[in-house]
file coords.cif (mmCIF, C-alpha atoms)
data_data
#
loop_
_atom_site.group_PDB
_atom_site.id
_atom_site.type_symbol
_atom_site.label_atom_id
_atom_site.label_comp_id
_atom_site.auth_asym_id
_atom_site.auth_seq_id
_atom_site.Cartn_x
_atom_site.Cartn_y
_atom_site.Cartn_z
ATOM 1 C CA MET A 1 -42.966 -152.540 -133.303
ATOM 2 C CA ALA A 2 -40.694 -153.161 -136.313
ATOM 3 C CA ALA A 3 -43.672 -154.285 -138.399
ATOM 4 C CA SER A 4 -45.661 -151.112 -137.628
ATOM 5 C CA MET A 5 -42.659 -148.911 -138.506
ATOM 6 C CA LEU A 6 -42.245 -150.783 -141.831
ATOM 7 C CA CYS A 7 -45.925 -150.257 -142.605
ATOM 8 C CA ARG A 8 -45.665 -146.521 -141.922
ATOM 9 C CA ARG A 9 -42.609 -146.172 -144.163
ATOM 10 C CA THR A 10 -44.354 -148.150 -146.963
ATOM 11 C CA ALA A 11 -47.410 -145.886 -146.755
ATOM 12 C CA ALA A 12 -45.233 -142.744 -146.894
ATOM 13 C CA LEU A 13 -43.416 -144.089 -149.969
ATOM 14 C CA CYS A 14 -46.733 -144.833 -151.700
ATOM 15 C CA ARG A 15 -47.978 -141.310 -151.033
ATOM 16 C CA THR A 16 -44.747 -139.856 -152.431
ATOM 17 C CA LEU A 17 -44.997 -141.947 -155.626
ATOM 18 C CA LYS A 18 -48.656 -141.020 -156.010
ATOM 19 C CA GLY A 19 -47.832 -137.321 -155.743
ATOM 20 C CA ILE A 20 -45.117 -137.645 -158.372
ATOM 21 C CA SER A 21 -47.483 -139.380 -160.785
ATOM 22 C CA CYS A 22 -50.133 -136.704 -160.200
ATOM 23 C CA SER A 23 -47.635 -133.929 -160.928
ATOM 24 C CA LYS A 24 -46.612 -135.651 -164.169
ATOM 25 C CA THR A 25 -50.288 -135.884 -165.196
ATOM 26 C CA VAL A 26 -50.840 -132.177 -164.499
ATOM 27 C CA LEU A 27 -47.787 -131.207 -166.512
ATOM 28 C CA SER A 28 -48.876 -133.354 -169.488
ATOM 29 C CA ALA A 29 -52.363 -131.841 -169.411
ATOM 30 C CA ASP A 30 -51.049 -128.268 -169.296
ATOM 31 C CA SER A 31 -48.504 -128.781 -172.110
ATOM 32 C CA PRO A 32 -49.504 -127.360 -175.536
ATOM 33 C CA ARG A 33 -50.684 -129.670 -178.287
ATOM 34 C CA GLY A 34 -48.056 -131.152 -180.519
ATOM 35 C CA LEU A 35 -45.343 -131.088 -177.826
ATOM 36 C CA PRO A 36 -44.259 -134.103 -175.831
ATOM 37 C CA PRO A 37 -45.309 -134.076 -172.197
ATOM 38 C CA GLN A 38 -42.710 -132.735 -169.761
ATOM 39 C CA SER A 39 -41.893 -134.289 -166.413
ATOM 40 C CA ALA A 40 -40.302 -132.633 -163.366
ATOM 41 C CA SER A 41 -36.941 -134.367 -163.029
ATOM 42 C CA TYR A 42 -33.343 -133.429 -162.045
ATOM 43 C CA ASN A 43 -30.271 -135.247 -163.252
ATOM 44 C CA PRO A 44 -27.147 -133.803 -161.559
ATOM 45 C CA ARG A 45 -23.724 -134.362 -163.065
ATOM 46 C CA PRO A 46 -21.682 -136.964 -161.291
ATOM 47 C CA LEU A 47 -18.639 -135.757 -159.373
ATOM 48 C CA ARG A 48 -15.311 -136.403 -161.007
ATOM 49 C CA LEU A 49 -13.436 -138.303 -158.348
ATOM 50 C CA ASN A 50 -9.802 -139.088 -158.900
ATOM 51 C CA LEU A 51 -9.643 -142.516 -157.271
ATOM 52 C CA HIS A 52 -6.642 -143.803 -159.183
ATOM 53 C CA ARG A 53 -3.966 -141.087 -158.948
ATOM 54 C CA PRO A 54 -3.322 -139.471 -155.555
ATOM 55 C CA HIS A 55 -3.016 -135.729 -155.203
ATOM 56 C CA ILE A 56 0.629 -134.884 -154.545
ATOM 57 C CA PRO A 57 1.137 -131.145 -153.867
ATOM 58 C CA ASP A 58 3.806 -129.313 -155.816
ATOM 59 C CA LYS A 59 6.356 -128.055 -153.275
ATOM 60 C CA ASP A 60 7.872 -125.641 -155.798
ATOM 61 C CA SER A 61 4.565 -123.842 -156.332
ATOM 62 C CA GLU A 62 3.818 -120.655 -154.396
ATOM 63 C CA LYS A 63 0.157 -121.642 -154.119
ATOM 64 C CA THR A 64 0.967 -124.726 -152.079
ATOM 65 C CA PRO A 65 0.553 -123.996 -148.356
ATOM 66 C CA GLU A 66 3.548 -124.375 -146.086
ATOM 67 C CA TRP A 67 2.064 -127.185 -144.029
ATOM 68 C CA GLN A 68 1.908 -129.357 -147.181
ATOM 69 C CA LYS A 69 5.656 -128.836 -147.716
ATOM 70 C CA SER A 70 6.669 -130.166 -144.302
ATOM 71 C CA SER A 71 8.215 -133.531 -143.588
ATOM 72 C CA ARG A 72 5.250 -134.395 -141.397
ATOM 73 C CA TYR A 73 2.917 -134.112 -144.391
ATOM 74 C CA ASP A 74 5.332 -136.219 -146.455
ATOM 75 C CA ARG A 75 5.125 -138.973 -143.842
ATOM 76 C CA LYS A 76 1.348 -138.732 -143.977
ATOM 77 C CA LEU A 77 1.309 -139.067 -147.775
ATOM 78 C CA PHE A 78 3.715 -141.995 -147.738
ATOM 79 C CA GLY A 79 1.648 -143.733 -145.066
ATOM 80 C CA ARG A 80 -1.509 -143.265 -147.151
ATOM 81 C CA TYR A 81 -0.303 -143.923 -150.704
ATOM 82 C CA GLY A 82 3.006 -145.702 -150.229
ATOM 83 C CA SER A 83 5.442 -145.616 -153.150
ATOM 84 C CA ALA A 84 2.742 -143.991 -155.334
ATOM 85 C CA SER A 85 3.346 -140.745 -153.434
ATOM 86 C CA GLY A 86 6.798 -140.441 -155.056
ATOM 87 C CA ILE A 87 8.480 -139.785 -151.699
ATOM 88 C CA GLU A 88 11.756 -141.465 -150.823
ATOM 89 C CA PRO A 89 11.421 -143.478 -147.596
ATOM 90 C CA ALA A 90 14.964 -142.473 -146.561
ATOM 91 C CA SER A 91 13.927 -138.800 -146.435
ATOM 92 C CA LEU A 92 11.225 -139.610 -143.871
ATOM 93 C CA TRP A 93 13.734 -140.768 -141.278
ATOM 94 C CA PRO A 94 14.416 -138.089 -138.635
ATOM 95 C CA SER A 95 17.678 -136.180 -138.834
ATOM 96 C CA ARG A 96 20.491 -136.385 -136.286
ATOM 97 C CA ALA A 97 19.331 -133.207 -134.542
ATOM 98 C CA GLU A 98 15.750 -134.491 -134.345
ATOM 99 C CA LEU A 99 16.964 -137.831 -132.948
ATOM 100 C CA ASP A 100 19.008 -136.035 -130.283
ATOM 101 C CA ARG A 101 16.030 -133.889 -129.351
ATOM 102 C CA MET A 102 13.727 -136.920 -129.162
ATOM 103 C CA THR A 103 16.280 -138.797 -127.045
ATOM 104 C CA ALA A 104 16.652 -135.840 -124.680
ATOM 105 C CA GLU A 105 12.865 -135.525 -124.314
ATOM 106 C CA GLU A 106 12.541 -139.243 -123.677
ATOM 107 C CA ASN A 107 15.286 -139.174 -121.041
ATOM 108 C CA GLU A 108 13.657 -136.170 -119.376
ATOM 109 C CA TRP A 109 10.020 -137.271 -119.378
ATOM 110 C CA GLN A 110 10.395 -141.054 -119.556
ATOM 111 C CA PRO A 111 13.661 -141.972 -117.812
ATOM 112 C CA PRO A 112 14.658 -145.610 -117.274
ATOM 113 C CA LEU A 113 13.560 -147.472 -114.170
ATOM 114 C CA GLU A 114 17.045 -147.365 -112.615
ATOM 115 C CA VAL A 115 17.199 -143.590 -112.974
ATOM 116 C CA MET A 116 13.715 -143.209 -111.478
ATOM 117 C CA LEU A 117 14.673 -145.378 -108.503
ATOM 118 C CA LYS A 118 17.862 -143.359 -107.959
ATOM 119 C CA ASN A 119 15.880 -140.129 -108.089
ATOM 120 C CA VAL A 120 13.374 -141.450 -105.564
ATOM 121 C CA GLN A 121 16.174 -142.616 -103.258
ATOM 122 C CA ALA A 122 17.970 -139.259 -103.514
ATOM 123 C CA ARG A 123 14.725 -137.412 -102.779
ATOM 124 C CA GLU A 124 14.061 -139.585 -99.738
ATOM 125 C CA GLU A 125 17.612 -139.072 -98.449
ATOM 126 C CA GLU A 126 17.287 -135.316 -98.896
ATOM 127 C CA GLU A 127 13.987 -135.282 -96.987
ATOM 128 C CA THR A 128 15.557 -137.395 -94.227
ATOM 129 C CA GLN A 129 18.528 -135.026 -93.919
ATOM 130 C CA ARG A 130 16.205 -132.043 -93.774
ATOM 131 C CA ARG A 131 14.070 -133.687 -91.091
ATOM 132 C CA LEU A 132 17.127 -134.641 -88.993
ATOM 133 C CA ALA A 133 18.514 -131.104 -89.245
ATOM 134 C CA LYS A 134 15.188 -129.691 -88.125
ATOM 135 C CA GLU A 135 14.989 -132.111 -85.197
ATOM 136 C CA LYS A 136 18.575 -131.233 -84.212
ATOM 137 C CA LEU A 137 17.765 -127.515 -84.263
ATOM 138 C CA ILE A 138 14.650 -128.081 -82.156
ATOM 139 C CA ALA A 139 16.634 -130.156 -79.640
ATOM 140 C CA ALA A 140 19.323 -127.454 -79.388
ATOM 141 C CA ASN A 141 16.726 -124.745 -78.849
ATOM 142 C CA MET A 142 14.958 -126.841 -76.219
ATOM 143 C CA ALA A 143 18.296 -127.302 -74.405
ATOM 144 C CA LYS A 144 18.748 -123.527 -74.390
ATOM 145 C CA MET A 145 15.194 -122.936 -73.204
ATOM 146 C CA PRO A 146 15.876 -122.873 -69.389
ATOM 147 C CA LYS A 147 18.704 -120.328 -69.789
ATOM 148 C CA MET A 148 16.576 -118.248 -72.178
ATOM 149 C CA VAL A 149 13.671 -118.253 -69.699
ATOM 150 C CA ALA A 150 16.005 -117.302 -66.831
ATOM 151 C CA ASP A 151 17.533 -114.461 -68.889
ATOM 152 C CA TRP A 152 14.078 -113.230 -69.835
ATOM 153 C CA ARG A 153 12.959 -113.218 -66.228
ATOM 154 C CA ARG A 154 16.161 -111.435 -65.127
ATOM 155 C CA GLU A 155 15.745 -108.791 -67.825
ATOM 156 C CA LYS A 156 12.124 -108.354 -66.805
ATOM 157 C CA ARG A 157 13.121 -107.858 -63.134
ATOM 158 C CA GLU A 158 15.852 -105.415 -64.127
ATOM 159 C CA SER A 159 13.471 -103.437 -66.323
ATOM 160 C CA LYS A 160 10.920 -103.288 -63.531
ATOM 161 C CA SER A 161 13.577 -102.197 -61.038
ATOM 162 C CA LYS A 162 14.906 -99.578 -63.434
ATOM 163 C CA LEU A 163 11.410 -98.251 -64.074
ATOM 164 C CA LYS A 164 10.767 -98.107 -60.338
ATOM 165 C CA GLU A 165 14.030 -96.216 -59.763
ATOM 166 C CA GLU A 166 13.184 -93.736 -62.508
ATOM 167 C CA LYS A 167 9.751 -93.110 -61.016
ATOM 168 C CA SER A 168 11.272 -92.642 -57.559
ATOM 169 C CA ARG A 169 13.928 -90.276 -58.926
ATOM 170 C CA ARG A 170 11.322 -88.249 -60.829
ATOM 171 C CA ALA A 171 9.167 -87.978 -57.736
ATOM 172 C CA LYS A 172 12.224 -86.906 -55.690
ATOM 173 C CA LEU A 173 13.145 -84.271 -58.305
ATOM 174 C CA LEU A 174 9.592 -82.914 -58.392
ATOM 175 C CA ALA A 175 9.562 -82.686 -54.581
ATOM 176 C CA GLU A 176 12.909 -80.884 -54.564
ATOM 177 C CA ALA A 177 11.694 -78.468 -57.250
ATOM 178 C CA ARG A 178 8.571 -77.750 -55.213
ATOM 179 C CA GLU A 179 10.706 -77.146 -52.149
ATOM 180 C CA ARG A 180 13.148 -74.920 -54.062
ATOM 181 C CA PHE A 181 10.670 -72.807 -56.057
ATOM 182 C CA GLY A 182 7.678 -73.003 -53.716
ATOM 183 C CA TYR A 183 5.284 -74.419 -56.312
ATOM 184 C CA ALA A 184 4.911 -77.507 -58.497
ATOM 185 C CA LEU A 185 6.740 -77.436 -61.831
ATOM 186 C CA ASP A 186 5.965 -79.119 -65.104
ATOM 187 C CA PRO A 187 8.657 -81.797 -65.815
ATOM 188 C CA ARG A 188 8.909 -80.361 -69.357
ATOM 189 C CA SER A 189 9.484 -76.760 -68.242
ATOM 190 C CA PRO A 190 12.918 -75.140 -68.803
ATOM 191 C CA LYS A 191 13.304 -74.406 -65.055
ATOM 192 C CA PHE A 192 12.832 -78.077 -64.162
ATOM 193 C CA LEU A 193 15.209 -79.275 -66.888
ATOM 194 C CA GLU A 194 17.823 -76.719 -65.802
ATOM 195 C CA MET A 195 17.519 -77.892 -62.195
ATOM 196 C CA VAL A 196 17.884 -81.541 -63.255
ATOM 197 C CA ALA A 197 21.036 -80.705 -65.271
ATOM 198 C CA GLU A 198 22.496 -78.898 -62.260
ATOM 199 C CA ILE A 199 21.734 -81.812 -59.916
ATOM 200 C CA GLU A 200 23.287 -84.346 -62.350
ATOM 201 C CA LYS A 201 26.395 -82.174 -62.600
ATOM 202 C CA GLU A 202 26.719 -82.110 -58.829
ATOM 203 C CA GLU A 203 26.236 -85.889 -58.605
ATOM 204 C CA LYS A 204 29.002 -86.467 -61.164
ATOM 205 C CA LYS A 205 31.302 -84.196 -59.206
ATOM 206 C CA LYS A 206 30.570 -86.109 -55.991
ATOM 207 C CA LYS A 207 31.264 -89.428 -57.715
ATOM 208 C CA LYS A 208 34.620 -88.162 -58.989
ATOM 209 C CA LEU A 209 35.561 -86.989 -55.495
ATOM 210 C CA VAL A 210 34.627 -90.346 -53.967
ATOM 211 C CA LYS A 211 36.653 -92.212 -56.595
ATOM 212 C CA ARG A 212 39.684 -89.974 -56.049
ATOM 213 C CA ARG A 213 39.455 -90.430 -52.261
ATOM 214 C CA LEU A 214 39.360 -94.212 -52.626
ATOM 215 C CA LYS A 215 42.381 -94.101 -54.903
ATOM 216 C CA ASP A 216 44.324 -91.934 -52.477
ATOM 217 C CA GLU A 217 43.506 -94.275 -49.593
ATOM 218 C CA GLN A 218 44.719 -97.258 -51.577
ATOM 219 C CA LEU A 219 48.010 -95.493 -52.352
ATOM 220 C CA ALA A 220 48.515 -94.404 -48.728
ATOM 221 C CA ALA A 221 47.884 -97.876 -47.284
ATOM 222 C CA PRO A 222 51.093 -99.853 -46.419
ATOM 223 C CA PRO A 223 51.880 -102.763 -48.695
ATOM 224 C CA VAL A 224 50.892 -106.169 -47.395
ATOM 225 C CA ALA A 225 53.915 -108.413 -46.838
ATOM 226 C CA PRO A 226 53.705 -111.860 -48.435
ATOM 227 C CA PRO A 227 53.454 -114.768 -45.966
ATOM 228 C CA ALA A 228 56.729 -116.444 -45.113
ATOM 229 C CA ALA A 229 57.322 -119.764 -46.689
ATOM 230 C CA SER A 230 57.258 -122.657 -44.179
ATOM 231 C CA SER A 231 60.531 -124.578 -43.890
#

call {"tool": "encode", "arguments": {"input": "coords.cif", "output": "structure tokens"}}
result
Amino acid sequence: MAASMLCRRTAALCRTLKGISCSKTVLSADSPRGLPPQSASYNPRPLRLNLHRPHIPDKDSEKTPEWQKSSRYDRKLFGRYGSASGIEPASLWPSRAELDRMTAEENEWQPPLEVMLKNVQAREEEETQRRLAKEKLIAANMAKMPKMVADWRREKRESKSKLKEEKSRRAKLLAEARERFGYALDPRSPKFLEMVAEIEKEEKKKKKLVKRRLKDEQLAAPPVAPPAASS
């Protein structure tokens, strides 16, 4: 495979050289008599590369970009050219503020092993305390559960009894209104509401009379003598 590729490249090179020689022949034939034959050739100027003196930007010039005036670029130049860059190595050392910032970042993002272990232990203790508090709350609520269920059932019975009493009272009031007026009334009608207010007023008066009677009976009753002490 390598031999066939070499043969193809050799044939292509021969064809290229043959075409160049043919073009030179055509140019020499077409040139006027008495003039030397011309050949198609191009000789570019070589690039002027400064391989001996490094390019050090002028920091006092306004044309120099700001990123070439930074200390980071100075470190790059000194690392590439060394003392030939004309930069003092002492100026490349970070300042006190930069050292403090680097130390703070290192302590924050790359703390020592002892600090990491303490942080892990504190996190585990916090999670344990949170879990124990949650378990304690669940246990306390479970201890209150029977009383809460009993209270709920009692409230449900009371609400049912109250609703039943209200229905019975409404039915009794509607029957009394039918008996008083001779026809059924709408519970929202003014006549029905006026009758209900009158009945409630009478019931309150009866309750006050019963309470006063009980109080009078208690005052009229003779005082009970204390039992004699046994000798």

call {"tool": "atom_distance", "arguments": {"input": "coords.cif", "atom1": "atom CA of A:Ala143", "atom2": "atom CA of A:Lys156"}}
result
21.3 Å

call {"tool": "atom_distance", "arguments": {"input": "coords.cif", "atom1": "atom CA of A:Ala197", "atom2": "atom CA of A:Glu158"}}
result
25.3 Å

call {"tool": "atom_distance", "arguments": {"input": "coords.cif", "atom1": "atom CA of A:Leu214", "atom2": "atom CA of A:Glu200"}}
result
21.2 Å

call {"tool": "axis_aligned_box", "arguments": {"input": "coords.cif", "around": "stretch 195-213 of chain A", "padding_each_side": "3 Å", "output": "lines of an AutoDock Vina configuration file"}}
result
center_x = 28.6
center_y = -85.1
center_z = -58.8
size_x = 28.2
size_y = 20.3
size_z = 19.0

call {"tool": "closest_residue", "arguments": {"input": "coords.cif", "among": "A:Lys164, A:Leu209, A:Arg154, A:Ser71", "to": "A:Ser95", "atoms": "only C-alpha atoms"}}
result
A:Ser71

call {"tool": "resolve_selection", "arguments": {"input": "coords.cif", "expression": "the PyMOL selection byres ((chain A and resi 75) around 12)", "output": "PyMOL selection string"}}
result
chain A and resi 68-74+76-83+85-94

call {"tool": "write_last_selection", "arguments": {"input": "coords.cif", "atoms": "C-alpha atoms", "output": "short mmCIF file (atom, residue, chain, number, x, y, z; two decimals), in the frame of the given file"}}
result
data_model
loop_
_atom_site.label_atom_id
_atom_site.label_comp_id
_atom_site.auth_asym_id
_atom_site.auth_seq_id
_atom_site.Cartn_x
_atom_site.Cartn_y
_atom_site.Cartn_z
CA GLN A 68 1.91 -129.36 -147.18
CA LYS A 69 5.66 -128.84 -147.72
CA SER A 70 6.67 -130.17 -144.30
CA SER A 71 8.22 -133.53 -143.59
CA ARG A 72 5.25 -134.40 -141.40
CA TYR A 73 2.92 -134.11 -144.39
CA ASP A 74 5.33 -136.22 -146.46
CA LYS A 76 1.35 -138.73 -143.98
CA LEU A 77 1.31 -139.07 -147.78
CA PHE A 78 3.72 -142.00 -147.74
CA GLY A 79 1.65 -143.73 -145.07
CA ARG A 80 -1.51 -143.26 -147.15
CA TYR A 81 -0.30 -143.92 -150.70
CA GLY A 82 3.01 -145.70 -150.23
CA SER A 83 5.44 -145.62 -153.15
CA SER A 85 3.35 -140.74 -153.43
CA GLY A 86 6.80 -140.44 -155.06
CA ILE A 87 8.48 -139.78 -151.70
CA GLU A 88 11.76 -141.46 -150.82
CA PRO A 89 11.42 -143.48 -147.60
CA ALA A 90 14.96 -142.47 -146.56
CA SER A 91 13.93 -138.80 -146.44
CA LEU A 92 11.22 -139.61 -143.87
CA TRP A 93 13.73 -140.77 -141.28
CA PRO A 94 14.42 -138.09 -138.64
#

call {"tool": "residues_around", "arguments": {"input": "coords.cif", "residues": "A:Met195", "least_positions_apart": "5", "cutoff": "10 Å", "atoms": "all atoms listed in the file", "output": "short mmCIF file (atom, residue, chain, number, x, y, z; two decimals) with C-alpha atoms, in the coordinates of the input"}}
result
data_model
loop_
_atom_site.label_atom_id
_atom_site.label_comp_id
_atom_site.auth_asym_id
_atom_site.auth_seq_id
_atom_site.Cartn_x
_atom_site.Cartn_y
_atom_site.Cartn_z
CA LEU A 173 13.14 -84.27 -58.30
CA GLU A 176 12.91 -80.88 -54.56
CA ALA A 177 11.69 -78.47 -57.25
CA ARG A 180 13.15 -74.92 -54.06
CA PRO A 190 12.92 -75.14 -68.80
CA GLU A 200 23.29 -84.35 -62.35
CA LYS A 201 26.40 -82.17 -62.60
#

call {"tool": "resolve_selection", "arguments": {"input": "coords.cif", "expression": "the PyMOL selection byres ((chain A and resi 169-171) around 12)", "output": "PyMOL selection string"}}
result
chain A and resi 162-168+172-178+184-188+192-193+196+199-200

call {"tool": "decode", "arguments": {"input": "coords.cif", "residues": "stretch 87-111 of chain A", "atoms": "N, CA, C and O atoms", "output": "CSV table (one decimal), in the first residue's frame"}}
result
chain,number,residue,atom,x,y,z
A,87,ILE,N,12.1,42.6,33.5
A,87,ILE,CA,11.1,42.7,34.7
A,87,ILE,C,11.8,42.2,35.9
A,87,ILE,O,12.5,41.2,35.9
A,88,GLU,N,11.6,42.9,37.0
A,88,GLU,CA,12.2,42.5,38.3
A,88,GLU,C,11.4,41.4,38.8
A,88,GLU,O,10.2,41.4,38.9
A,89,PRO,N,12.1,40.3,39.2
A,89,PRO,CA,11.4,39.1,39.8
A,89,PRO,C,10.6,39.5,41.1
A,89,PRO,O,9.6,38.9,41.4
A,90,ALA,N,11.1,40.4,41.9
A,90,ALA,CA,10.5,40.8,43.1
A,90,ALA,C,9.1,41.4,42.9
A,90,ALA,O,8.2,41.3,43.7
A,91,SER,N,8.9,42.1,41.7
A,91,SER,CA,7.6,42.7,41.4
A,91,SER,C,6.6,41.7,41.0
A,91,SER,O,5.4,42.0,41.0
A,92,LEU,N,7.0,40.5,40.7
A,92,LEU,CA,6.0,39.4,40.3
A,92,LEU,C,5.4,38.7,41.5
A,92,LEU,O,4.4,38.0,41.4
A,93,TRP,N,6.0,38.9,42.7
A,93,TRP,CA,5.4,38.2,43.9
A,93,TRP,C,4.1,38.9,44.3
A,93,TRP,O,4.0,40.1,44.2
A,94,PRO,N,3.1,38.1,44.6
A,94,PRO,CA,1.8,38.8,45.0
A,94,PRO,C,1.9,39.7,46.2
A,94,PRO,O,2.8,39.4,47.1
A,95,SER,N,1.1,40.7,46.2
A,95,SER,CA,1.1,41.6,47.3
A,95,SER,C,0.4,41.0,48.6
A,95,SER,O,-0.1,39.9,48.6
A,96,ARG,N,0.5,41.8,49.7
A,96,ARG,CA,-0.1,41.3,50.9
A,96,ARG,C,-1.6,41.0,50.8
A,96,ARG,O,-2.1,40.0,51.3
A,97,ALA,N,-2.3,42.0,50.1
A,97,ALA,CA,-3.7,41.8,49.9
A,97,ALA,C,-4.0,40.6,49.1
A,97,ALA,O,-5.0,39.8,49.4
A,98,GLU,N,-3.3,40.4,48.0
A,98,GLU,CA,-3.5,39.2,47.2
A,98,GLU,C,-3.2,37.9,47.9
A,98,GLU,O,-3.9,36.9,47.7
A,99,LEU,N,-2.2,37.9,48.8
A,99,LEU,CA,-1.9,36.7,49.6
A,99,LEU,C,-3.0,36.4,50.5
A,99,LEU,O,-3.4,35.3,50.7
A,100,ASP,N,-3.6,37.5,51.2
A,100,ASP,CA,-4.7,37.3,52.1
A,100,ASP,C,-5.9,36.7,51.3
A,100,ASP,O,-6.6,35.8,51.8
A,101,ARG,N,-6.2,37.3,50.2
A,101,ARG,CA,-7.3,36.8,49.4
A,101,ARG,C,-7.1,35.3,49.0
A,101,ARG,O,-8.0,34.5,49.0
A,102,MET,N,-5.9,35.0,48.5
A,102,MET,CA,-5.6,33.6,48.1
A,102,MET,C,-5.7,32.7,49.3
A,102,MET,O,-6.3,31.5,49.2
A,103,THR,N,-5.2,33.1,50.5
A,103,THR,CA,-5.3,32.3,51.7
A,103,THR,C,-6.8,32.0,52.1
A,103,THR,O,-7.2,30.9,52.4
A,104,ALA,N,-7.6,33.1,52.0
A,104,ALA,CA,-9.0,33.0,52.3
A,104,ALA,C,-9.7,32.1,51.4
A,104,ALA,O,-10.5,31.2,51.8
A,105,GLU,N,-9.4,32.2,50.1
A,105,GLU,CA,-10.1,31.3,49.1
A,105,GLU,C,-9.6,29.8,49.3
A,105,GLU,O,-10.4,28.9,49.2
A,106,GLU,N,-8.4,29.6,49.6
A,106,GLU,CA,-7.9,28.3,49.9
A,106,GLU,C,-8.5,27.7,51.1
A,106,GLU,O,-8.9,26.5,51.2
A,107,ASN,N,-8.7,28.5,52.2
A,107,ASN,CA,-9.3,28.0,53.4
A,107,ASN,C,-10.8,27.7,53.2
A,107,ASN,O,-11.4,26.8,53.8
A,108,GLU,N,-11.4,28.5,52.2
A,108,GLU,CA,-12.9,28.3,52.0
A,108,GLU,C,-13.1,27.1,51.1
A,108,GLU,O,-14.0,26.3,51.4
A,109,TRP,N,-12.3,26.9,50.0
A,109,TRP,CA,-12.6,25.9,49.0
A,109,TRP,C,-11.8,24.6,49.2
A,109,TRP,O,-12.1,23.6,48.8
A,110,GLN,N,-10.6,24.8,49.9
A,110,GLN,CA,-9.7,23.6,50.1
A,110,GLN,C,-9.3,23.7,51.6
A,110,GLN,O,-8.1,23.9,51.9
A,111,PRO,N,-10.2,23.4,52.5
A,111,PRO,CA,-9.8,23.5,54.0
A,111,PRO,C,-9.0,22.3,54.3
A,111,PRO,O,-8.9,21.3,53.6
